[in-house]
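Heads up, upload.txt below (compact mmCIF, C-alpha atoms):
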# COMPACT_ATOMS: atom_id res chain seq x y z
CA MET A 1 46.94 -5.25 -16.70
CA LYS A 2 43.64 -7.11 -17.09
CA ARG A 3 43.48 -7.59 -13.33
CA LEU A 4 44.01 -3.87 -12.72
CA PHE A 5 41.28 -3.09 -15.24
CA PHE A 6 38.75 -5.27 -13.41
CA ILE A 7 39.76 -3.79 -10.04
CA PHE A 8 39.24 -0.31 -11.49
CA LEU A 9 35.89 -1.35 -12.97
CA PHE A 10 34.79 -2.81 -9.64
CA ILE A 11 35.69 0.41 -7.79
CA CYS A 12 33.76 2.46 -10.36
CA ILE A 13 30.69 0.27 -9.91
CA ILE A 14 30.87 0.57 -6.12
CA LEU A 15 31.29 4.34 -6.31
CA SER A 16 28.46 4.80 -8.77
CA HIS A 17 26.21 2.61 -6.61
CA SER A 18 27.11 4.62 -3.53
CA PHE A 19 26.34 7.95 -5.18
CA SER A 20 23.07 6.61 -6.54
CA GLN A 21 21.99 5.78 -2.99
CA ILE A 22 21.82 9.42 -1.87
CA ILE A 23 18.63 11.50 -1.84
CA SER A 24 19.01 15.27 -1.95
CA TYR A 25 16.67 17.55 -0.02
CA SER A 26 16.46 21.22 0.82
CA ILE A 27 15.26 22.61 4.15
CA THR A 28 14.20 26.22 4.57
CA LYS A 29 15.05 28.62 7.36
CA GLU A 30 11.52 28.36 8.80
CA LYS A 31 12.00 24.69 9.64
CA TYR A 32 13.61 23.20 12.72
CA ILE A 33 16.31 20.62 13.18
CA TYR A 34 16.80 18.77 16.43
CA TYR A 35 19.16 16.32 18.08
CA GLU A 36 16.88 13.92 19.93
CA GLU A 37 16.28 10.51 18.34
CA ILE A 38 12.68 10.14 19.51
CA VAL A 39 10.05 12.86 19.42
CA TYR A 40 6.42 11.86 19.94
CA ASN A 41 4.72 15.24 19.66
CA PHE A 42 7.16 17.68 18.11
CA ASN A 43 4.94 20.78 18.17
CA GLU A 44 4.41 20.53 21.93
CA LEU A 45 8.13 20.84 22.66
CA SER A 46 9.82 24.12 23.45
CA LYS A 47 11.92 25.73 20.74
CA GLU A 48 15.01 24.86 22.75
CA LEU A 49 14.11 21.18 22.68
CA GLN A 50 13.01 21.32 19.07
CA GLY A 51 16.50 22.40 18.10
CA GLU A 52 18.11 25.32 16.33
CA LEU A 53 16.32 27.57 13.89
CA ILE A 54 18.15 27.27 10.59
CA GLY A 55 19.17 30.75 9.49
CA ARG A 56 19.30 30.07 5.76
CA ASP A 57 18.17 27.55 3.21
CA LYS A 58 20.27 24.43 3.42
CA LEU A 59 20.90 21.46 1.16
CA VAL A 60 21.01 18.16 3.03
CA PHE A 61 21.43 14.55 1.99
CA TYR A 62 19.99 11.25 3.12
CA LYS A 63 22.11 8.17 2.48
CA LEU A 64 20.17 4.93 2.14
CA GLY A 65 20.84 2.86 5.23
CA SER A 66 20.98 5.82 7.60
CA PRO A 67 18.46 5.79 10.47
CA PHE A 68 14.94 7.00 10.27
CA SER A 69 12.55 6.71 13.15
CA GLU A 70 10.34 3.73 13.84
CA HIS A 71 8.10 5.92 15.97
CA TYR A 72 4.84 7.59 15.09
CA LEU A 73 4.77 11.36 15.09
CA SER A 74 1.25 12.79 15.36
CA VAL A 75 2.26 16.37 14.74
CA LYS A 76 -0.41 17.57 12.33
CA ASN A 77 -3.78 16.76 10.81
CA ASP A 78 -5.50 13.97 12.74
CA ASP A 79 -4.12 11.32 15.05
CA ASN A 80 -3.87 8.80 12.24
CA TYR A 81 -1.56 10.92 10.13
CA PHE A 82 1.80 9.59 11.23
CA LEU A 83 5.10 11.27 10.43
CA HIS A 84 8.69 10.12 10.78
CA THR A 85 12.11 11.60 11.30
CA ILE A 86 15.22 10.87 9.28
CA THR A 87 18.89 11.60 9.81
CA VAL A 88 20.53 13.77 7.16
CA ASN A 89 23.94 15.27 6.49
CA ASP A 90 24.73 18.75 5.26
CA LYS A 91 27.62 19.45 2.88
CA ASN A 92 30.01 19.66 5.85
CA GLY A 93 29.05 16.17 6.99
CA ASP A 94 27.20 17.38 10.12
CA LEU A 95 24.28 15.18 11.17
CA PHE A 96 20.78 16.48 11.80
CA HIS A 97 17.48 14.88 12.73
CA VAL A 98 14.57 16.39 10.82
CA LEU A 99 10.90 15.77 10.26
CA ILE A 100 10.53 14.18 6.84
CA ASP A 101 7.68 16.59 6.03
CA ASP A 102 9.98 19.56 6.66
CA LEU A 103 12.20 18.49 3.76
CA GLU A 104 11.70 19.22 0.08
CA ARG A 105 13.10 16.61 -2.26
CA THR A 106 15.00 18.20 -5.12
CA GLY A 107 13.99 17.58 -8.72
CA VAL A 108 10.37 16.67 -7.95
CA ASP A 109 7.72 17.12 -10.62
CA LYS A 110 5.23 19.00 -8.43
CA ASP A 111 2.37 18.73 -10.92
CA LEU A 112 2.64 14.94 -11.06
CA HIS A 113 2.82 14.61 -7.29
CA LYS A 114 -0.04 17.02 -6.79
CA SER A 115 -2.29 14.55 -8.59
CA ILE A 116 -1.54 11.69 -6.17
CA ASN A 117 -0.45 13.28 -2.89
CA GLY A 118 -2.89 12.82 -0.02
CA VAL A 119 -4.75 10.23 2.03
CA TRP A 120 -6.28 7.22 0.25
CA ILE A 121 -8.47 4.37 1.50
CA PRO A 122 -9.32 1.04 -0.19
CA ALA A 123 -12.31 1.42 -2.51
CA TYR A 124 -14.14 -1.43 -0.78
CA TYR A 125 -14.89 0.84 2.20
CA PHE A 126 -17.46 2.58 0.01
CA ASP A 127 -19.08 -0.82 -0.54
CA VAL A 128 -19.26 -1.08 3.26
CA LEU A 129 -20.85 2.36 3.57
CA LYS A 130 -23.38 1.52 0.87
CA ALA A 131 -24.28 -1.83 2.44
CA GLY A 132 -24.43 -0.30 5.92
CA ASN A 133 -23.65 -3.47 7.87
CA LYS A 134 -20.79 -5.11 9.72
CA LYS A 135 -21.05 -8.30 7.65
CA LYS A 136 -19.89 -6.44 4.54
CA LEU A 137 -16.76 -5.16 6.27
CA LEU A 138 -15.94 -8.60 7.67
CA SER A 139 -16.20 -10.08 4.18
CA TYR A 140 -13.09 -8.01 3.42
CA GLU A 141 -11.43 -7.92 6.84
CA SER A 142 -12.49 -11.04 8.70
CA PHE A 143 -9.48 -10.89 11.04
CA TRP A 144 -11.38 -8.43 13.26
CA GLU A 145 -13.72 -11.22 14.35
CA THR A 146 -10.92 -13.79 14.71
CA ASP A 147 -7.40 -12.81 15.78
CA TRP A 148 -8.17 -9.26 16.84
CA LYS A 149 -11.35 -10.00 18.71
CA THR A 150 -9.24 -12.38 20.78
CA SER A 151 -6.43 -9.89 21.45
CA ILE A 152 -8.41 -6.64 21.74
CA GLY A 153 -11.67 -7.93 23.17
CA GLU A 154 -15.35 -7.85 22.34
CA GLN A 155 -15.34 -4.08 21.90
CA TRP A 156 -12.81 -4.04 19.08
CA GLU A 157 -15.13 -1.64 17.21
CA ASP A 158 -13.94 1.15 19.53
CA GLU A 159 -10.36 0.64 18.34
CA TYR A 160 -11.19 0.31 14.66
CA PHE A 161 -9.80 2.56 11.96
CA PRO A 162 -9.68 1.89 8.22
CA LEU A 163 -6.59 0.84 6.38
CA HIS A 164 -5.15 3.82 4.53
CA LEU A 165 -2.15 5.01 2.60
CA ILE A 166 -0.55 8.43 2.48
CA ILE A 167 1.49 9.68 -0.46
CA SER A 168 3.64 12.81 -0.30
CA ASP A 169 6.58 14.19 -2.26
CA ASN A 170 8.90 12.35 0.12
CA TYR A 171 7.26 9.16 1.30
CA PHE A 172 4.70 6.42 0.77
CA TYR A 173 3.00 5.21 3.95
CA ILE A 174 0.48 2.40 4.32
CA SER A 175 -1.14 1.47 7.61
CA SER A 176 -3.77 -0.72 9.21
CA TYR A 177 -4.38 -1.24 12.91
CA ALA A 178 -4.83 -4.93 12.29
CA THR A 179 -2.01 -5.61 9.86
CA GLY A 180 0.82 -3.29 10.77
CA TYR A 181 2.36 -0.51 8.71
CA ARG A 182 5.03 0.21 6.13
CA PHE A 183 6.87 3.50 5.69
CA TYR A 184 8.85 4.07 2.48
CA LEU A 185 11.04 6.95 1.40
CA ILE A 186 10.50 7.84 -2.24
CA THR A 187 13.95 7.72 -3.81
CA SER A 188 13.21 8.89 -7.35
CA ASP A 189 10.68 11.00 -9.18
CA ILE A 190 7.59 9.52 -10.77
CA SER A 191 8.29 7.88 -14.12
CA ASN A 192 6.06 5.66 -16.22
CA ASN A 193 3.48 5.77 -13.42
CA GLY A 194 5.91 4.16 -11.01
CA ILE A 195 7.59 5.22 -7.76
CA GLN A 196 10.83 3.71 -6.49
CA CYS A 197 10.75 3.46 -2.70
CA TYR A 198 13.04 2.40 0.13
CA THR A 199 12.47 1.25 3.72
CA LEU A 200 14.50 0.11 6.70
CA GLU A 201 11.54 -1.34 8.55
CA LYS A 202 11.40 -5.08 9.11
CA ASN A 203 8.79 -5.34 11.86
CA ILE A 204 5.62 -6.02 9.91
CA ASP A 205 3.79 -9.06 11.25
CA THR A 206 2.55 -10.74 8.06
CA GLY A 207 1.10 -13.56 10.12
CA ARG A 208 -1.72 -11.22 11.15
CA ILE A 209 -2.71 -10.38 7.59
CA ASP A 210 -6.00 -11.85 6.53
CA SER A 211 -5.71 -14.32 3.66
CA LYS A 212 -8.40 -12.48 1.71
CA LYS A 213 -6.74 -9.07 1.93
CA GLU A 214 -2.98 -9.36 1.75
CA ILE A 215 -2.30 -5.75 0.80
CA LEU A 216 0.74 -5.24 3.01
CA ARG A 217 2.28 -8.53 1.86
CA TYR A 218 3.33 -6.75 -1.32
CA PHE A 219 5.38 -4.26 0.67
CA ASP A 220 7.20 -6.68 2.95
CA GLY A 221 10.72 -8.07 2.70
CA GLU A 222 13.00 -6.17 0.36
CA ASN A 223 14.52 -2.82 1.28
CA GLU A 224 13.67 -1.33 -2.10
CA THR A 225 10.52 -1.76 -4.09
CA ALA A 226 8.76 -0.23 -7.07
CA ILE A 227 5.12 0.71 -6.71
CA PHE A 228 3.18 1.20 -9.94
CA PHE A 229 -0.12 2.97 -10.26
CA GLU A 230 -2.72 4.37 -12.60
CA ARG A 231 -5.27 7.12 -12.01
CA ASP A 232 -8.94 6.62 -12.79
CA GLY A 233 -10.75 9.73 -11.64
CA ASP A 234 -11.03 9.58 -7.85
CA TYR A 235 -9.39 6.14 -7.86
CA ILE A 236 -5.76 5.10 -7.88
CA ASN A 237 -5.01 1.47 -8.73
CA LEU A 238 -1.77 0.06 -7.32
CA TYR A 239 0.06 -2.72 -9.14
CA ASN A 240 2.81 -5.14 -8.24
CA ASP A 241 4.53 -4.73 -11.59
CA SER A 242 4.75 -2.28 -14.49
CA ASN A 243 2.81 -4.58 -16.84
CA ARG A 244 -0.35 -4.27 -14.70
CA ASN A 245 -0.65 -8.05 -14.44
CA GLU A 246 -1.57 -8.02 -10.78
CA MET A 247 -3.48 -5.24 -9.05
CA ILE A 248 -2.71 -4.91 -5.36
CA GLU A 249 -5.71 -2.80 -4.50
CA SER A 250 -7.87 0.06 -5.76
CA PHE A 251 -7.82 3.12 -3.49
CA VAL A 252 -9.96 6.25 -3.35
CA PHE A 253 -8.76 9.73 -2.39
CA VAL A 254 -10.52 11.16 0.69
CA SER A 255 -10.39 14.76 1.87
CA ASN A 256 -11.86 13.87 5.30
CA TYR A 257 -10.51 10.57 6.58
CA ASP A 258 -12.08 11.03 10.03
CA PHE A 259 -15.56 11.28 8.49
CA ILE A 260 -15.16 7.90 6.78
CA LYS A 261 -13.70 6.32 9.93
CA GLU A 262 -16.47 7.53 12.23
CA ASN A 263 -19.23 6.44 9.85
CA ILE A 264 -17.80 2.94 9.51
CA LYS A 265 -17.52 2.73 13.30
CA MET A 266 -21.19 3.70 13.51
CA ILE A 267 -22.04 0.84 11.15
CA LEU A 268 -19.98 -1.58 13.24
CA LYS A 269 -22.02 -0.62 16.30
CA GLY A 270 -25.31 -1.19 14.49
CA ASN A 271 -26.12 2.47 13.86
CA LYS A 272 -27.01 4.11 10.56
CA CYS A 273 -24.89 6.78 8.93
CA ASP A 274 -26.12 9.68 6.80
CA LEU A 275 -25.17 8.63 3.28
CA SER A 276 -26.28 11.99 1.92
CA LYS A 277 -23.03 13.43 3.28
CA VAL A 278 -20.84 10.81 1.61
CA THR A 279 -18.96 11.93 -1.49
CA TRP A 280 -19.13 8.85 -3.69
CA PRO A 281 -16.03 8.33 -5.86
CA LYS A 282 -16.25 8.72 -9.63
CA HIS A 283 -14.26 7.19 -12.44
CA ALA A 284 -12.44 9.26 -15.05
CA ASP A 285 -15.42 8.93 -17.43
CA GLY A 286 -17.66 10.58 -14.82
CA SER A 287 -19.52 7.40 -13.90
CA CYS A 288 -20.06 6.18 -10.35
CA ASP A 289 -20.39 2.63 -9.05
CA TYR A 290 -22.93 3.69 -6.42
CA ASP A 291 -25.58 5.76 -8.20
CA GLY A 292 -26.42 3.53 -11.17
CA SER A 293 -24.42 5.53 -13.70
CA LYS A 294 -21.70 2.89 -14.08
CA LYS A 295 -22.69 0.84 -17.09
CA THR A 296 -20.85 -2.41 -17.75
CA VAL A 297 -21.39 -4.80 -20.60
CA ALA A 298 -20.87 -8.40 -19.58
CA VAL A 299 -18.34 -10.28 -21.68
CA GLN A 300 -19.52 -13.86 -22.07
CA SER A 301 -17.00 -16.60 -21.34
CA THR A 302 -18.79 -19.95 -21.54
CA ASN A 303 -15.96 -22.12 -22.83
CA VAL A 304 -15.34 -23.94 -19.54
CA SER A 305 -16.27 -27.61 -19.31
CA LYS A 306 -15.47 -30.64 -17.18
CA ASN A 307 -12.17 -32.50 -17.89
CA LYS A 308 -10.92 -29.63 -20.09
CA THR A 309 -7.33 -28.42 -19.61
CA MET A 310 -7.07 -24.63 -19.74
CA THR A 311 -4.54 -21.86 -19.09
CA ALA A 312 -4.77 -18.88 -16.73
CA THR A 313 -4.68 -15.65 -18.74
CA GLU A 314 -3.41 -13.62 -15.77
CA ASN A 315 -2.33 -14.12 -12.16
CA LEU A 316 -5.37 -15.92 -10.77
CA LYS A 317 -6.41 -16.67 -7.19
CA LEU A 318 -7.14 -20.30 -6.32
CA HIS A 319 -9.87 -20.31 -3.67
CA SER A 320 -11.08 -22.93 -1.20
CA ALA A 321 -14.66 -22.46 -2.44
CA GLU A 322 -16.55 -20.87 -5.33
CA ALA A 323 -16.62 -17.33 -3.92
CA THR A 324 -14.23 -14.39 -3.88
CA THR A 325 -14.66 -14.17 -0.09
CA SER A 326 -13.41 -17.72 0.48
CA ASP A 327 -9.84 -18.44 1.62
CA VAL A 328 -7.09 -18.06 -0.98
CA ILE A 329 -5.00 -21.24 -1.35
CA THR A 330 -2.46 -19.65 -3.67
CA VAL A 331 -2.24 -17.20 -6.57
CA MET A 332 -1.41 -18.97 -9.83
CA SER A 333 0.85 -17.08 -12.20
CA ALA A 334 -0.32 -16.24 -15.71
CA GLY A 335 0.22 -19.26 -17.98
CA THR A 336 -0.56 -21.86 -15.31
CA LYS A 337 -2.27 -24.94 -16.75
CA VAL A 338 -5.22 -26.42 -14.86
CA LYS A 339 -7.62 -29.31 -15.43
CA ILE A 340 -11.30 -28.60 -14.74
CA LEU A 341 -12.80 -31.13 -12.32
CA GLU A 342 -16.22 -29.55 -11.77
CA VAL A 343 -18.18 -26.62 -13.20
CA GLY A 344 -19.83 -24.52 -10.49
CA LYS A 345 -22.15 -21.54 -10.23
CA ALA A 346 -22.35 -18.80 -12.87
CA GLU A 347 -21.35 -15.27 -11.93
CA THR A 348 -20.36 -11.95 -13.48
CA ILE A 349 -17.07 -10.56 -12.17
CA ASP A 350 -15.35 -7.45 -13.58
CA GLY A 351 -17.91 -7.44 -16.39
CA ILE A 352 -17.13 -11.03 -17.39
CA SER A 353 -19.82 -13.70 -17.20
CA SER A 354 -18.60 -17.25 -16.62
CA ASN A 355 -18.70 -20.11 -14.13
CA TRP A 356 -16.64 -20.90 -11.10
CA VAL A 357 -14.68 -24.09 -11.74
CA GLN A 358 -12.94 -26.57 -9.48
CA VAL A 359 -9.53 -27.21 -10.98
CA GLU A 360 -6.46 -29.36 -10.47
CA VAL A 361 -3.13 -27.60 -10.97
CA GLN A 362 -0.92 -29.32 -13.54
CA SER A 363 2.84 -29.90 -13.37
CA GLY A 364 5.25 -27.00 -13.79
CA ALA A 365 2.93 -24.45 -12.16
CA LYS A 366 4.33 -21.41 -10.35
CA ASP A 367 2.70 -18.89 -8.06
CA ARG A 368 2.94 -15.13 -8.61
CA ASP A 369 6.20 -15.03 -6.63
CA GLY A 370 7.78 -17.72 -8.82
CA LYS A 371 7.50 -20.49 -6.23
CA THR A 372 6.43 -23.98 -7.31
CA ILE A 373 2.81 -24.99 -6.78
CA THR A 374 2.52 -28.68 -5.98
CA LYS A 375 1.10 -30.68 -8.86
CA GLY A 376 -2.41 -31.87 -8.06
CA THR A 377 -3.30 -28.91 -5.85
CA VAL A 378 -7.09 -28.51 -6.05
CA GLY A 379 -9.18 -25.38 -5.61
CA TRP A 380 -11.76 -23.09 -7.17
CA CYS A 381 -11.12 -20.21 -9.59
CA PHE A 382 -13.24 -18.01 -11.82
CA GLY A 383 -13.46 -19.44 -15.32
CA GLY A 384 -13.57 -16.03 -17.00
CA TYR A 385 -9.80 -15.83 -16.73
CA LEU A 386 -9.09 -19.22 -18.29
CA LYS A 387 -8.58 -19.89 -22.00
Could you render the structure from this file as C-alpha cells?
Amino acid sequence: MKRLFFIFLFICIILSHSFSQIISYSITKEKYIYYEEIVYNFNELSKELQGELIGRDKLVFYKLGSPFSEHYLSVKNDDNYFLHTITVNDKNGDLFHVLIDDLERTGVDKDLHKSINGVWIPAYYFDVLKAGNKKKLLSYESFWETDWKTSIGEQWEDEYFPLHLIISDNYFYISSYATGYRFYLITSDISNNGIQCYTLEKNIDTGRIDSKKEILRYFDGENETAIFFERDGDYINLYNDSNRNEMIESFVFVSNYDFIKENIKMILKGNKCDLSKVTWPKHADGSCDYDGSKKTVAVQSTNVSKNKTMTATENLKLHSAEATTSDVITVMSAGTKVKILEVGKAETIDGISSNWVQVEVQSGAKDRDGKTITKGTVGWCFGGYLK
C-alpha cells in the first residue's frame, strides 16, 4: 500500500509539473500563422507564404521545451529590433508557427507591463555621450579594441551598436553585437518586481564577454531564470536575486534607440554630437545625474587600516588594481573575510568616501556563485563596503 501511495504521489508531481510548464496565449483573427520554420522578413512574404488568416480568436498553448526560432526577425521598428517565432498548439493539438509578438499572453497585468515594456540601454551610455570621447566607451567595453578589432577590423566603429534589452508582455531580450544575445519567454506575470523567464538557447559565447562588463553572464546556463528589477524614474535596475544584493546593470528607457546609436558612432569616429537633442534620464525624485541637480551626500568610511581583518558587507568585486575599470579577479560573496595588506587612494563611490585597499582573501571564502575562492588570493577592492 505504501508503495502504491508513493507511485501515485510521484505521478501527481509529474503531472502538476507538466501542466505548470504550459503558457497560454490568445491570437486574434487579424494575425497570421504559418508553417515554415525560418522566416527572415515576414512582412515581405506573400499572404500565401505567410500562412492562413485565422478566422476567429483562438487560444493556443506553448509547452516549455517546444521549438522557438534561433533566427532574427527584423519585421518592425528598426533593424535592431529582433523578433522570434515559437511553435504552439491549439486545443485540438494542431501545431502552428507564430510570431511571438502576434500572441497575447493570458492573465497579464497590462498596467504593470506598460511601465517596463520597451527598449532599454545601459545607463553608462549617457556617461559616454556626456564625455563625448571613445576612451569613455572603451572604459566600459574594452573588447572592441581587443578581440573585436582583431575579428572585425580597424573600422569596427561602422559595425557598432549599443547593448540593449527589450521587454514585452511575452519576452525579455538582451543583445550586444560583441557579446551575443539571449532571448527569454516570460512564463509568469510580474510579482514582487520579478519576472520568471525561460530559454532554449545555448549558443552564447561567454568567452567574448569583457571582464569588466559581464552583463550577459547572468543570463547564461540554466533554462529558467528569475530576473528582478526596480524602477527609479527613467531607470530600471536589474538584480540577480530578490534581495537586491547584486545589481546586474542599471538601464535607461529610450524612445529612439537609433538616435543614441548614431550619436555614439559619431563619437567613435571623432565627431561631436548635438547634446541639446539628448533627453537625459531622470530619477524618480526628479533629479538628473547630468545637469547638476543630483545631490549626493558622501558617507564617510575611514575605518580601513593595514593588517586589519574585515568583512565584505555585500557581493564585492576584487580588482587587479585600485580602479573600477581594472580587471575583475573575482566577485567575493557578502560575508567574505579579507586581510588588508595596503591602503590605497581615497575615492567616493556611490556616495561613500573611503580608500581602495589591497586585500588577501581568508579561508572559507566563496564567490557570488558559491564557488570556493582560493585562500591567499590577492586583489584590490573598495573599502567602503568592508566592515
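The gap separating CA of Trp380 in chain A from CA of Gln362 in chain A is 14.0 Å, in Å to one decimal.
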Exercise. Compile the contact shell of range 257-272 of chain A as a VMD selection string: residues with an atom at most 10 Å away, counting only C-alpha atoms, same-chain residues fewer than 2 positions apart removed.
Key: chain A and resid 78 to 81 119 to 121 125 to 126 128 to 129 131 to 138 155 to 164 253 to 255 274 to 275 277 to 279
A straight line from CA of Val357 in chain A to CA of Thr372 in chain A spans 21.6 Å
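Between Asn92 in chain A and the residues A:Asp367, A:Cys381, A:Lys58, A:Leu112, the shortest atom-to-atom distance, using only C-alpha atoms, involves A:Lys58.
Here CA of Ala323 in chain A and CA of Tyr140 in chain A stand 12.4 Å from one another.
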